[in-house]
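Colleague: So I've got this file, start-v3.txt, and it contains compact mmCIF, C-alpha atoms:
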# COMPACT_ATOMS: atom_id res chain seq x y z
CA MET A 1 -17.22 1.22 5.73
CA ASN A 2 -18.89 -1.00 8.35
CA GLU A 3 -22.54 -2.07 8.16
CA GLU A 4 -23.90 0.82 10.22
CA GLN A 5 -22.06 3.38 8.12
CA LEU A 6 -23.16 1.60 4.96
CA VAL A 7 -26.82 1.71 6.01
CA ALA A 8 -26.54 5.38 7.01
CA ALA A 9 -24.97 6.16 3.64
CA LEU A 10 -27.69 4.22 1.83
CA GLN A 11 -30.35 6.11 3.74
CA GLY A 12 -28.60 9.29 2.69
CA GLN A 13 -28.81 8.09 -0.93
CA ASP A 14 -25.07 7.96 -1.45
CA PRO A 15 -24.41 6.32 -4.86
CA GLY A 16 -21.04 5.10 -3.61
CA ALA A 17 -22.81 3.17 -0.85
CA VAL A 18 -25.12 1.51 -3.39
CA GLN A 19 -22.07 0.47 -5.40
CA GLU A 20 -20.45 -0.93 -2.27
CA LEU A 21 -23.62 -2.81 -1.35
CA VAL A 22 -23.87 -4.36 -4.81
CA ASN A 23 -20.18 -5.33 -4.71
CA ALA A 24 -20.51 -6.82 -1.23
CA CYS A 25 -23.74 -8.77 -1.62
CA GLY A 26 -24.56 -8.95 -5.33
CA ASP A 27 -22.76 -12.15 -6.31
CA ARG A 28 -23.68 -13.96 -3.11
CA LEU A 29 -27.34 -13.04 -3.55
CA LEU A 30 -27.21 -14.10 -7.18
CA ARG A 31 -25.92 -17.55 -6.28
CA SER A 32 -28.58 -17.98 -3.66
CA ALA A 33 -31.25 -16.79 -6.11
CA TYR A 34 -29.92 -19.25 -8.68
CA CYS A 35 -30.22 -22.12 -6.18
CA LEU A 36 -33.77 -21.00 -5.37
CA CYS A 37 -35.05 -20.61 -8.92
CA GLY A 38 -32.64 -22.76 -10.96
CA ASN A 39 -32.32 -20.30 -13.83
CA GLU A 40 -29.53 -17.76 -14.20
CA THR A 41 -31.47 -15.15 -16.16
CA GLU A 42 -34.33 -15.25 -13.65
CA ALA A 43 -31.80 -15.09 -10.83
CA GLN A 44 -30.20 -11.94 -12.32
CA ASP A 45 -33.66 -10.34 -12.58
CA LEU A 46 -34.57 -11.38 -9.06
CA VAL A 47 -31.37 -9.88 -7.65
CA GLN A 48 -31.92 -6.64 -9.56
CA ASP A 49 -35.48 -6.42 -8.19
CA THR A 50 -34.16 -7.25 -4.72
CA PHE A 51 -31.75 -4.31 -4.77
CA LEU A 52 -34.37 -1.95 -6.18
CA GLN A 53 -36.88 -2.93 -3.50
CA ALA A 54 -34.19 -2.65 -0.84
CA LEU A 55 -33.27 0.86 -1.97
CA ARG A 56 -36.92 1.90 -1.87
CA SER A 57 -37.35 0.64 1.69
CA VAL A 58 -33.88 1.29 3.12
CA HIS A 59 -35.25 4.02 5.43
CA ARG A 60 -37.27 1.29 7.18
CA PHE A 61 -34.23 -0.91 7.85
CA GLN A 62 -33.65 -0.87 11.60
CA GLY A 63 -30.45 -2.87 11.83
CA ARG A 64 -31.96 -5.86 13.66
CA SER A 65 -30.26 -8.21 11.20
CA THR A 66 -27.26 -8.00 8.92
CA VAL A 67 -27.71 -6.21 5.62
CA TYR A 68 -27.25 -9.48 3.73
CA THR A 69 -29.97 -11.20 5.81
CA TRP A 70 -32.31 -8.30 5.13
CA LEU A 71 -31.57 -8.45 1.39
CA HIS A 72 -32.00 -12.21 1.43
CA ALA A 73 -35.42 -11.87 3.09
CA ILE A 74 -36.48 -9.55 0.25
CA LEU A 75 -35.08 -12.03 -2.27
CA LEU A 76 -37.05 -14.89 -0.69
CA ASN A 77 -40.22 -12.86 -0.86
CA LEU A 78 -39.67 -12.01 -4.51
CA THR A 79 -38.83 -15.64 -5.28
CA ARG A 80 -42.14 -16.73 -3.77
CA HIS A 81 -43.95 -14.32 -6.10
CA TYR A 82 -41.86 -15.64 -8.97
CA HIS A 83 -42.86 -19.23 -8.21
CA ARG A 84 -46.49 -18.23 -7.73
CA ASP A 85 -46.49 -16.51 -11.12
CA ARG A 86 -44.89 -19.54 -12.73
CA GLN A 87 -47.55 -21.78 -11.21
CA ARG A 88 -50.18 -19.69 -12.98
CA MET A 89 -48.65 -20.65 -16.32
CA VAL A 90 -50.07 -23.66 -18.13
CA TYR A 91 -48.27 -26.68 -16.76
CA ASP A 92 -47.84 -29.78 -18.84
CA ASP A 93 -47.24 -32.89 -16.70
CA GLU A 94 -46.03 -34.89 -19.65
CA LEU A 95 -43.48 -32.25 -20.56
CA ALA A 96 -42.36 -31.98 -16.95
CA GLY A 97 -41.91 -35.75 -16.86
CA ARG A 98 -39.86 -35.62 -20.04
CA GLU A 99 -37.69 -32.84 -18.57
CA ALA A 100 -37.18 -34.84 -15.41
CA ALA A 101 -36.45 -38.06 -17.25
CA PRO A 102 -32.69 -37.67 -17.79
CA ALA A 103 -32.11 -37.32 -14.07
CA ASP A 104 -34.09 -40.49 -13.37
CA GLU A 105 -32.74 -42.61 -16.14
CA SER A 106 -29.06 -41.77 -16.34
CA PRO A 107 -27.12 -44.96 -15.69
CA GLY A 108 -23.73 -45.26 -14.01
CA SER A 109 -21.88 -42.37 -12.45
CA LEU A 110 -22.84 -38.82 -13.35
CA ASP A 111 -20.38 -36.24 -14.64
CA THR A 112 -20.31 -32.82 -13.04
CA GLY A 113 -22.69 -31.22 -15.53
CA ALA A 114 -25.23 -34.02 -15.31
CA ALA A 115 -25.00 -34.06 -11.52
CA ALA A 116 -25.58 -30.31 -11.35
CA SER A 117 -28.49 -30.63 -13.73
CA ALA A 118 -30.01 -33.50 -11.73
CA LEU A 119 -29.68 -31.54 -8.51
CA ARG A 120 -31.26 -28.43 -10.04
CA GLU A 121 -34.11 -30.52 -11.37
CA ALA A 122 -34.63 -32.19 -8.01
CA LEU A 123 -34.68 -28.84 -6.21
CA HIS A 124 -37.09 -27.51 -8.80
CA ARG A 125 -39.46 -30.38 -8.07
CA LEU A 126 -39.57 -29.58 -4.37
CA SER A 127 -42.28 -27.25 -3.11
CA PRO A 128 -41.06 -23.64 -2.63
CA ALA A 129 -41.34 -23.98 1.16
CA HIS A 130 -39.18 -27.11 1.17
CA ARG A 131 -36.70 -25.65 -1.29
CA GLU A 132 -36.28 -22.56 0.88
CA VAL A 133 -35.28 -24.52 3.99
CA ILE A 134 -32.88 -26.72 2.00
CA ILE A 135 -31.12 -23.71 0.47
CA LEU A 136 -31.02 -21.78 3.74
CA ARG A 137 -29.53 -24.72 5.61
CA TYR A 138 -27.21 -26.30 3.08
CA TYR A 139 -26.25 -23.35 0.92
CA GLU A 140 -26.48 -20.40 3.31
CA ASP A 141 -25.30 -22.58 6.22
CA LEU A 142 -27.89 -21.13 8.59
CA LYS A 143 -28.70 -22.88 11.85
CA ILE A 144 -32.21 -24.09 12.64
CA HIS A 145 -33.08 -21.14 14.90
CA GLU A 146 -31.67 -18.70 12.32
CA ILE A 147 -33.83 -20.23 9.57
CA ALA A 148 -36.82 -20.06 11.89
CA GLY A 149 -36.16 -16.36 12.52
CA HIS A 150 -35.56 -15.68 8.84
CA LEU A 151 -38.79 -17.34 7.72
CA GLY A 152 -40.90 -16.37 10.73
CA LEU A 153 -41.56 -20.02 11.61
CA SER A 154 -41.07 -22.15 14.70
CA ALA A 155 -37.95 -24.30 14.93
CA GLY A 156 -40.21 -27.38 14.93
CA THR A 157 -41.79 -26.37 11.62
CA VAL A 158 -38.36 -25.77 10.08
CA LYS A 159 -37.15 -29.21 11.19
CA SER A 160 -40.31 -30.84 9.93
CA ARG A 161 -39.93 -29.14 6.53
CA LEU A 162 -36.28 -30.14 6.38
CA HIS A 163 -37.16 -33.74 7.20
CA TYR A 164 -39.77 -33.94 4.44
CA ALA A 165 -37.62 -32.05 1.96
CA ILE A 166 -34.69 -34.43 2.49
CA GLY A 167 -37.05 -37.39 2.13
CA GLU A 168 -38.32 -35.95 -1.16
CA LEU A 169 -34.78 -35.37 -2.40
CA GLN A 170 -33.92 -38.97 -1.56
CA LYS A 171 -36.78 -40.14 -3.74
CA ILE A 172 -36.02 -37.76 -6.62
CA LEU A 173 -32.23 -37.67 -6.78
CA PRO A 174 -30.44 -40.40 -8.71
CA ALA A 175 -28.46 -42.74 -6.44
CA GLU A 176 -25.32 -41.99 -8.51
CA LEU A 177 -25.19 -38.53 -6.96
CA ASN A 178 -24.39 -40.29 -3.70
CA LEU A 179 -25.42 -37.33 -1.53
CA PHE A 180 -26.35 -39.54 1.41
CA GLY A 181 -23.07 -41.46 1.59
CA ALA A 182 -22.38 -45.11 0.88
CA GLY A 183 -25.44 -47.17 1.73
CA GLY A 184 -26.98 -44.08 3.27
CA THR A 185 -30.19 -44.25 1.34
CA GLU A 186 -30.88 -47.86 2.23
CA GLU A 187 -30.01 -47.22 5.87
CA MET A 188 -32.26 -44.21 6.08
CA GLN A 189 -35.12 -46.04 4.39
CA ARG A 190 -34.67 -48.95 6.80
CA LYS A 191 -35.01 -46.51 9.74
CA MET B 192 -32.91 -39.79 25.91
CA ASN B 193 -34.51 -42.29 23.52
CA CYS B 194 -34.23 -42.51 19.71
CA ARG B 195 -37.30 -40.36 19.10
CA GLN B 196 -36.06 -37.59 21.37
CA PHE B 197 -32.66 -37.77 19.70
CA GLN B 198 -34.22 -37.51 16.23
CA ASP B 199 -36.04 -34.38 17.40
CA CYS B 200 -32.76 -32.65 18.14
CA LEU B 201 -30.62 -34.27 15.43
CA TYR B 202 -30.12 -31.05 13.43
CA GLU B 203 -29.16 -29.05 16.51
CA TYR B 204 -26.78 -31.88 17.55
CA VAL B 205 -25.04 -31.76 14.17
CA GLU B 206 -24.78 -27.96 14.19
CA GLY B 207 -23.66 -27.94 17.85
CA THR B 208 -26.33 -25.64 19.25
CA LEU B 209 -27.74 -27.93 21.98
CA SER B 210 -27.59 -26.87 25.62
CA ALA B 211 -24.88 -28.57 27.68
CA THR B 212 -27.38 -30.82 29.45
CA THR B 213 -29.12 -31.95 26.25
CA GLN B 214 -25.77 -32.40 24.53
CA ALA B 215 -24.60 -34.70 27.34
CA GLY B 216 -27.83 -36.71 27.11
CA ALA B 217 -27.48 -36.96 23.33
CA ASP B 218 -23.85 -38.10 23.64
CA ARG B 219 -24.85 -40.82 26.12
CA HIS B 220 -27.63 -41.99 23.80
CA LEU B 221 -25.31 -42.02 20.77
CA ALA B 222 -22.75 -44.12 22.61
CA ALA B 223 -25.38 -46.82 22.97
CA CYS B 224 -27.40 -46.48 19.74
CA HIS B 225 -25.98 -47.54 16.41
CA SER B 226 -28.89 -46.37 14.24
CA CYS B 227 -28.75 -42.82 15.67
CA ARG B 228 -24.99 -42.75 15.06
CA VAL B 229 -25.71 -43.66 11.44
CA ALA B 230 -28.34 -40.92 11.27
CA VAL B 231 -25.80 -38.35 12.49
CA GLN B 232 -23.22 -39.54 9.97
CA GLN B 233 -25.80 -39.38 7.19
CA GLU B 234 -26.86 -35.86 8.09
CA GLN B 235 -23.22 -34.72 8.21
CA GLN B 236 -22.46 -36.45 4.93
CA PHE B 237 -25.60 -35.09 3.28
CA ALA B 238 -24.86 -31.55 4.49
CA GLN B 239 -21.29 -31.73 3.25
CA ASN B 240 -22.17 -33.25 -0.13
CA LEU B 241 -25.20 -31.07 -0.87
CA SER B 242 -23.40 -27.92 0.22
CA ALA B 243 -20.43 -28.79 -2.03
CA ARG B 244 -22.71 -29.60 -4.98
CA LEU B 245 -24.72 -26.40 -4.61
CA ARG B 246 -21.59 -24.28 -4.35
CA GLN B 247 -19.98 -26.07 -7.28
CA ASP B 248 -23.06 -25.38 -9.39
CA ALA B 249 -23.31 -21.67 -8.51
CA GLU B 250 -19.75 -20.59 -7.73
CA THR B 251 -18.98 -19.27 -11.22
CA LEU B 252 -21.99 -16.97 -11.33
CA THR B 253 -21.45 -13.24 -11.06
CA LEU B 254 -23.83 -10.34 -11.35
CA ARG B 255 -23.86 -9.09 -14.93
CA PRO B 256 -22.42 -5.59 -15.52
CA GLU B 257 -25.70 -4.41 -17.07
CA VAL B 258 -27.60 -5.50 -13.95
CA ARG B 259 -25.12 -3.59 -11.76
CA GLN B 260 -25.53 -0.53 -13.98
CA ALA B 261 -29.32 -0.81 -13.87
CA ILE B 262 -29.25 -0.91 -10.07
CA LEU B 263 -26.96 2.13 -9.88
CA ARG B 264 -29.07 4.05 -12.39
CA ALA B 265 -32.20 3.24 -10.40
CA ALA B 266 -30.48 4.36 -7.20
CA ARG B 267 -29.71 7.75 -8.75
CA ARG B 268 -33.34 8.14 -9.85
CA GLN B 269 -34.65 7.10 -6.43
CA PRO B 270 -36.86 9.86 -4.91
CA ALA B 271 -35.89 11.25 -1.52
CA PRO B 272 -37.37 9.35 1.41
CA LEU B 273 -40.64 10.74 2.69
CA GLY B 274 -40.54 13.36 5.43
CA MET B 275 -42.83 13.14 8.45
CA LEU B 276 -45.40 15.58 6.99
CA GLU B 277 -45.48 13.73 3.67
CA PHE B 278 -45.75 10.47 5.53
CA LEU B 279 -48.73 11.78 7.52
CA ALA B 280 -50.29 13.18 4.33
CA GLY B 281 -49.87 9.79 2.67
CA LEU B 282 -51.42 8.11 5.69
CA TRP B 283 -54.36 10.54 5.59
CA ASN B 284 -54.92 9.96 1.87
CA ARG B 285 -54.79 6.24 2.44
CA PHE B 286 -57.46 6.33 5.14
CA ALA B 287 -59.58 9.27 3.86
CA ARG B 288 -61.76 7.15 1.59
CA PRO B 289 -62.67 4.45 4.16
CA MET B 290 -63.25 7.22 6.70
CA ALA B 291 -65.60 9.03 4.30
CA ILE B 292 -67.75 5.89 4.21
CA ALA B 293 -67.39 4.86 7.81
CA VAL B 294 -68.14 8.21 9.49
CA PRO B 295 -71.61 8.82 7.95
CA LEU B 296 -72.54 5.20 8.63
CA LEU B 297 -71.41 5.59 12.22
CA LEU B 298 -73.42 8.81 12.56
CA VAL B 299 -76.56 7.13 11.20
CA VAL B 300 -76.11 4.24 13.62
CA MET B 301 -75.59 6.65 16.50
CA VAL B 302 -78.72 8.65 15.60
CA LEU B 303 -80.75 5.43 15.37
CA VAL B 304 -79.43 4.22 18.72
CA ILE B 305 -80.13 7.58 20.40
CA TRP B 306 -83.61 7.74 18.86
CA HIS B 307 -84.38 4.20 19.95
CA PHE B 308 -83.27 4.67 23.53
CA SER B 309 -84.73 8.14 23.93
CA GLY B 310 -88.11 6.71 22.74
CA THR B 311 -87.86 4.02 25.37
CA ARG B 312 -87.23 6.63 28.00
CA ILE B 313 -90.38 8.59 27.03
CA HIS B 314 -92.45 5.42 27.30
CA GLU B 315 -90.88 4.64 30.62
CA MET B 316 -91.28 8.17 31.99
CA PRO B 317 -92.79 8.02 35.43
CA THR B 318 -96.47 9.08 35.47
CA ALA B 319 -98.83 9.87 38.33
CA ARG B 320 -99.26 7.09 40.82
CA ALA B 321 -102.60 5.58 41.77
CA ASP B 322 -102.63 7.62 44.95
CA GLY B 323 -102.51 10.84 42.91
CA ARG B 324 -99.02 11.78 43.99
CA HIS B 325 -96.33 12.27 41.40
CA PRO B 326 -92.91 10.75 41.67
CA PRO B 327 -90.23 13.36 42.34
CA SER B 328 -88.90 13.40 38.81
CA ALA B 329 -92.35 14.02 37.34
CA LEU B 330 -93.13 17.09 39.49
CA SER B 331 -91.77 19.50 36.95
CA THR B 332 -94.20 19.03 34.04
CA PRO B 333 -92.56 19.55 30.66
CA PRO B 334 -94.12 22.29 28.54
CA ALA B 335 -96.68 21.55 25.84
CA VAL B 336 -95.31 21.25 22.31
CA SER B 337 -97.06 22.74 19.30
CA ILE B 338 -96.90 20.64 16.18
CA GLN B 339 -97.87 21.53 12.67
CA ILE B 340 -97.59 19.01 9.86
CA SER B 341 -98.35 19.69 6.25
CA CYS B 342 -98.34 17.62 3.13
CA ARG B 343 -99.26 18.09 -0.50
CA ARG B 344 -101.79 15.67 -1.93
CA PRO B 345 -102.27 15.41 -5.71
CA ALA B 346 -105.84 15.33 -7.01
CA TYR B 347 -106.88 14.43 -10.55
CA GLN B 348 -110.08 15.66 -12.16
CA PHE B 349 -111.31 14.21 -15.47
CA ARG B 350 -113.75 15.81 -17.89
CA ARG B 351 -114.93 14.89 -21.34
CA GLU B 352 -114.35 17.13 -24.34
CA GLY B 353 -115.80 15.47 -27.42
CA ASN B 354 -114.00 12.18 -27.87
CA TRP B 355 -111.21 13.23 -25.49
CA VAL B 356 -110.88 12.73 -21.80
CA VAL B 357 -108.94 15.64 -20.35
CA ASP B 358 -107.44 15.42 -16.90
CA THR B 359 -106.46 18.24 -14.62
CA LEU B 360 -103.97 17.74 -11.87
CA SER B 361 -104.26 19.98 -8.87
CA CYS B 362 -102.42 19.89 -5.63
CA GLN B 363 -104.05 20.10 -2.28
CA THR B 364 -102.02 21.18 0.72
CA VAL B 365 -103.27 19.57 3.91
CA VAL B 366 -102.14 21.14 7.15
CA ALA B 367 -102.70 19.51 10.52
CA SER B 368 -101.75 21.31 13.69
CA GLY B 369 -102.19 20.66 17.36
CA THR B 370 -100.55 20.72 20.76
CA VAL B 371 -99.03 17.72 22.42
CA GLN B 372 -98.86 17.54 26.18
CA PRO B 373 -96.23 15.02 27.18
CA GLY B 374 -97.84 12.25 29.21
CA GLY B 375 -101.39 13.35 28.22
CA GLN B 376 -103.81 12.20 25.52
CA PRO B 377 -102.94 13.03 21.91
CA PRO B 378 -105.06 15.92 20.61
CA ILE B 379 -107.38 15.69 17.65
CA PRO B 380 -105.62 17.71 15.00
CA LYS B 381 -107.36 20.54 13.24
CA GLN B 382 -107.14 20.10 9.51
CA THR B 383 -107.22 22.80 6.91
CA ALA B 384 -106.79 22.29 3.25
CA THR B 385 -106.00 24.69 0.40
CA LYS B 386 -106.34 23.72 -3.20
CA MET B 387 -103.85 24.93 -5.76
CA PRO B 388 -103.79 24.06 -9.46
CA LEU B 389 -100.38 22.95 -10.74
Please rewrite the model in this file as structure tokens.
Modeller:
Amino acid sequence: MNEEQLVAALQGQDPGAVQELVNACGDRLLRSAYCLCGNETEAQDLVQDTFLQALRSVHRFQGRSTVYTWLHAILLNLTRHYHRDRQRMVYDDELAGREAAPADESPGSLDTGAAASALREALHRLSPAHREVIILRYYEDLKIHEIAGHLGLSAGTVKSRLHYAIGELQKILPAELNLFGAGGTEEMQRK
Amino acid sequence: MNCRQFQDCLYEYVEGTLSATTQAGADRHLAACHSCRVAVQQEQQFAQNLSARLRQDAETLTLRPEVRQAILRAARRQPAPLGMLEFLAGLWNRFARPMAIAVPLLLVVMVLVIWHFSGTRIHEMPTARADGRHPPSALSTPPAVSIQISCRRPAYQFRREGNWVVDTLSCQTVVASGTVQPGGQPPIPKQTATKMPL
């Protein structure tokens, strides 16, 4: 079933089409949601809500983008609400500092688990707008103009957000992660 | 192309989406600029490393069976998409309340505007000129209008009965009537009054 047939079947409320959609996009969406929110349980909930919202509004889908891009746009929107709701919770700076501490203080090289944890923590400390562009570019592998179209922003704004987000990551991430290459951090700071 | 211009298109250079002309300019600049070459290498390295880390962290995740089941169950319960008539009915219901407020307000405003401007026109109606001739529009004199206005006016009367003061309320209807000739002097109304106990 190609995308057009899949959308037609979804609009006709074919349960088989829903199953196919979940099989085709579910895991990929989940991984993206996990990168965006940093918590697997929340990611599973977000993906479930994404599919439910997509099924409610499938009759409005006009085929201007791929089905995955459309689903991902819904996911991004839900993730923004998720972050907004989390911001309304009482936030304890001291606790946040304590949570962030292992990433800042870990000496020597990091093992895989610690590196993943440090990266998650660093992404979590970015603003939602900065996190979105980082995930779209480096996880979803979208090009600048595609990110701009996806987020409804200008290419200049996307590049500016990327620039600041990378700068933030440089400050937050432990040097042992070595994301910027050998001597990259010093070189970039010198520039 | 200078360093600043190159930095502006660094991401597009790395992803290979520059136009042929800009790409050629960027290549010429890179051949001569060490720091921009380093910036390109850093961006490539960062993209490669971050992408690998993110994938490594998330690659084992799969959608839980209960989440899949919940989505499929919800899909089966999903109501049929709205038809055109239902869509229009929904639209009407959505706008009925604001319309119910807006329409009377609009009518009141329209009445006030019409009343205001029609009053102005009466004041500005052409009257007889000093030479006694009437302007063409005033030649047909509008007919006289009879007006009768009435109102009810309460009247209290107090009388003493022993240590008590007793009041009686009666109502007086005052009627004023007259004839108004447009453009002429207002008449002195004739007044009649009838007294009725309540």
Colleague: Identify, on the basis of all atoms listed in the file, every residue whose closest approach to stretch 111-128 of chain A does not exceed 8 Å; exclude the query and any residue fewer than 4 positions from it along the same chain; express the result as a PDB file with C-alpha atoms, in the coordinates of the input.
Modeller:
ATOM      1  CA  CYS A  35     -30.220 -22.120  -6.180  1.00  0.00           C
ATOM      2  CA  LEU A  36     -33.770 -21.000  -5.370  1.00  0.00           C
ATOM      3  CA  CYS A  37     -35.050 -20.610  -8.920  1.00  0.00           C
ATOM      4  CA  GLY A  38     -32.640 -22.760 -10.960  1.00  0.00           C
ATOM      5  CA  ARG A  80     -42.140 -16.730  -3.770  1.00  0.00           C
ATOM      6  CA  HIS A  83     -42.860 -19.230  -8.210  1.00  0.00           C
ATOM      7  CA  ALA A 100     -37.180 -34.840 -15.410  1.00  0.00           C
ATOM      8  CA  PRO A 102     -32.690 -37.670 -17.790  1.00  0.00           C
ATOM      9  CA  ALA A 103     -32.110 -37.320 -14.070  1.00  0.00           C
ATOM     10  CA  GLU A 132     -36.280 -22.560   0.880  1.00  0.00           C
ATOM     11  CA  ALA A 165     -37.620 -32.050   1.960  1.00  0.00           C
ATOM     12  CA  GLU A 168     -38.320 -35.950  -1.160  1.00  0.00           C
ATOM     13  CA  LEU A 169     -34.780 -35.370  -2.400  1.00  0.00           C
ATOM     14  CA  ILE A 172     -36.020 -37.760  -6.620  1.00  0.00           C
ATOM     15  CA  LEU A 173     -32.230 -37.670  -6.780  1.00  0.00           C
ATOM     16  CA  PRO A 174     -30.440 -40.400  -8.710  1.00  0.00           C
ATOM     17  CA  LEU A 177     -25.190 -38.530  -6.960  1.00  0.00           C
TER      18      LEU A 177
ATOM     19  CA  ARG B 244     -22.710 -29.600  -4.980  1.00  0.00           C
ATOM     20  CA  LEU B 245     -24.720 -26.400  -4.610  1.00  0.00           C
ATOM     21  CA  ASP B 248     -23.060 -25.380  -9.390  1.00  0.00           C
TER      22      ASP B 248
END
Colleague: Let me make sure I understand: among A:Ile144, A:Tyr164, A:Gly63, A:Thr157, which one has the smallest atom-to-atom distance to B:Leu201 if we use all atoms listed in the file?
Modeller: A:Ile144
Colleague: Between B:Ala238, B:Leu296, B:Ala346, B:Ala217, which is the closest to chain A once you count all atoms listed in the file?
Modeller: B:Ala238
Colleague: Which residue out of B:Arg228, B:Arg255, B:Arg350, B:Arg195 has the minimum interatomic distance to chain A when only C-alpha atoms are used?
Modeller: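 Looking at the shortest contact to chain A, the residue is B:Arg255.
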Colleague: How close does chain B get to chain A? List, as a tab-separated table, each residue of chain B within 6 Å, its nearest atom pair and the distance in Å to one decimal, counting only C-alpha atoms.
Modeller:
residue	atom	partner	partner_atom	distance
B:Gln233	CA	A:Phe180	CA	5.8
B:Phe237	CA	A:Phe180	CA	4.9
B:Ala238	CA	A:Tyr138	CA	5.9
B:Asn240	CA	A:Leu179	CA	5.4
B:Ser242	CA	A:Tyr138	CA	5.0
B:Asp248	CA	A:Ala116	CA	5.9
B:Ala249	CA	A:Arg31	CA	5.4
B:Thr253	CA	A:Asp27	CA	5.0
B:Leu254	CA	A:Asp27	CA	5.5
Colleague: How far is it from atom CA of A:Val158 to atom CA of A:Val133, in Å with one decimal?
Modeller: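 Straight-line distance from atom CA of A:Val158 to atom CA of A:Val133 works out to 6.9 Å.
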Colleague: Select, from B:Ala215, B:Met192, B:Val300, B:Val366, the residue with the minimum atom-to-atom distance to B:Arg344, counting all atoms listed in the file.
Modeller: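 Answer, going by the shortest atom-to-atom distance: B:Val366.
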Colleague: Would you pick out the contacts of B:Leu221 at 12 Å or less, using only C-alpha atoms, so that residues sharing its chain but fewer than 4 positions from it are not included, and give the list as a VMD selection string?
Modeller: chain B and resid 192 to 194 196 to 198 201 204 214 to 217 225 to 232
Colleague: Please report the interatomic distance between atom CA of B:Phe286 and atom CA of A:Ile74 in Å with one decimal.
Modeller: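 Separation between atom CA of B:Phe286 and atom CA of A:Ile74: 26.8 Å.
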Colleague: So the first atom is atom CA of B:Glu203 and the second is atom CA of A:Glu146; what is the distance between them in Å, to one decimal place?
Modeller: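 It comes out at 11.4 Å.
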Colleague: Stretch 39-56 of chain A, all listed atoms, 6 Å padding on each side: what axis-aligned box centre and edge lengths in Å to one decimal come out, as lines of an AutoDock Vina configuration file?
Modeller:
center_x = -33.2
center_y = -9.2
center_z = -8.5
size_x = 19.4
size_y = 34.2
size_z = 27.3
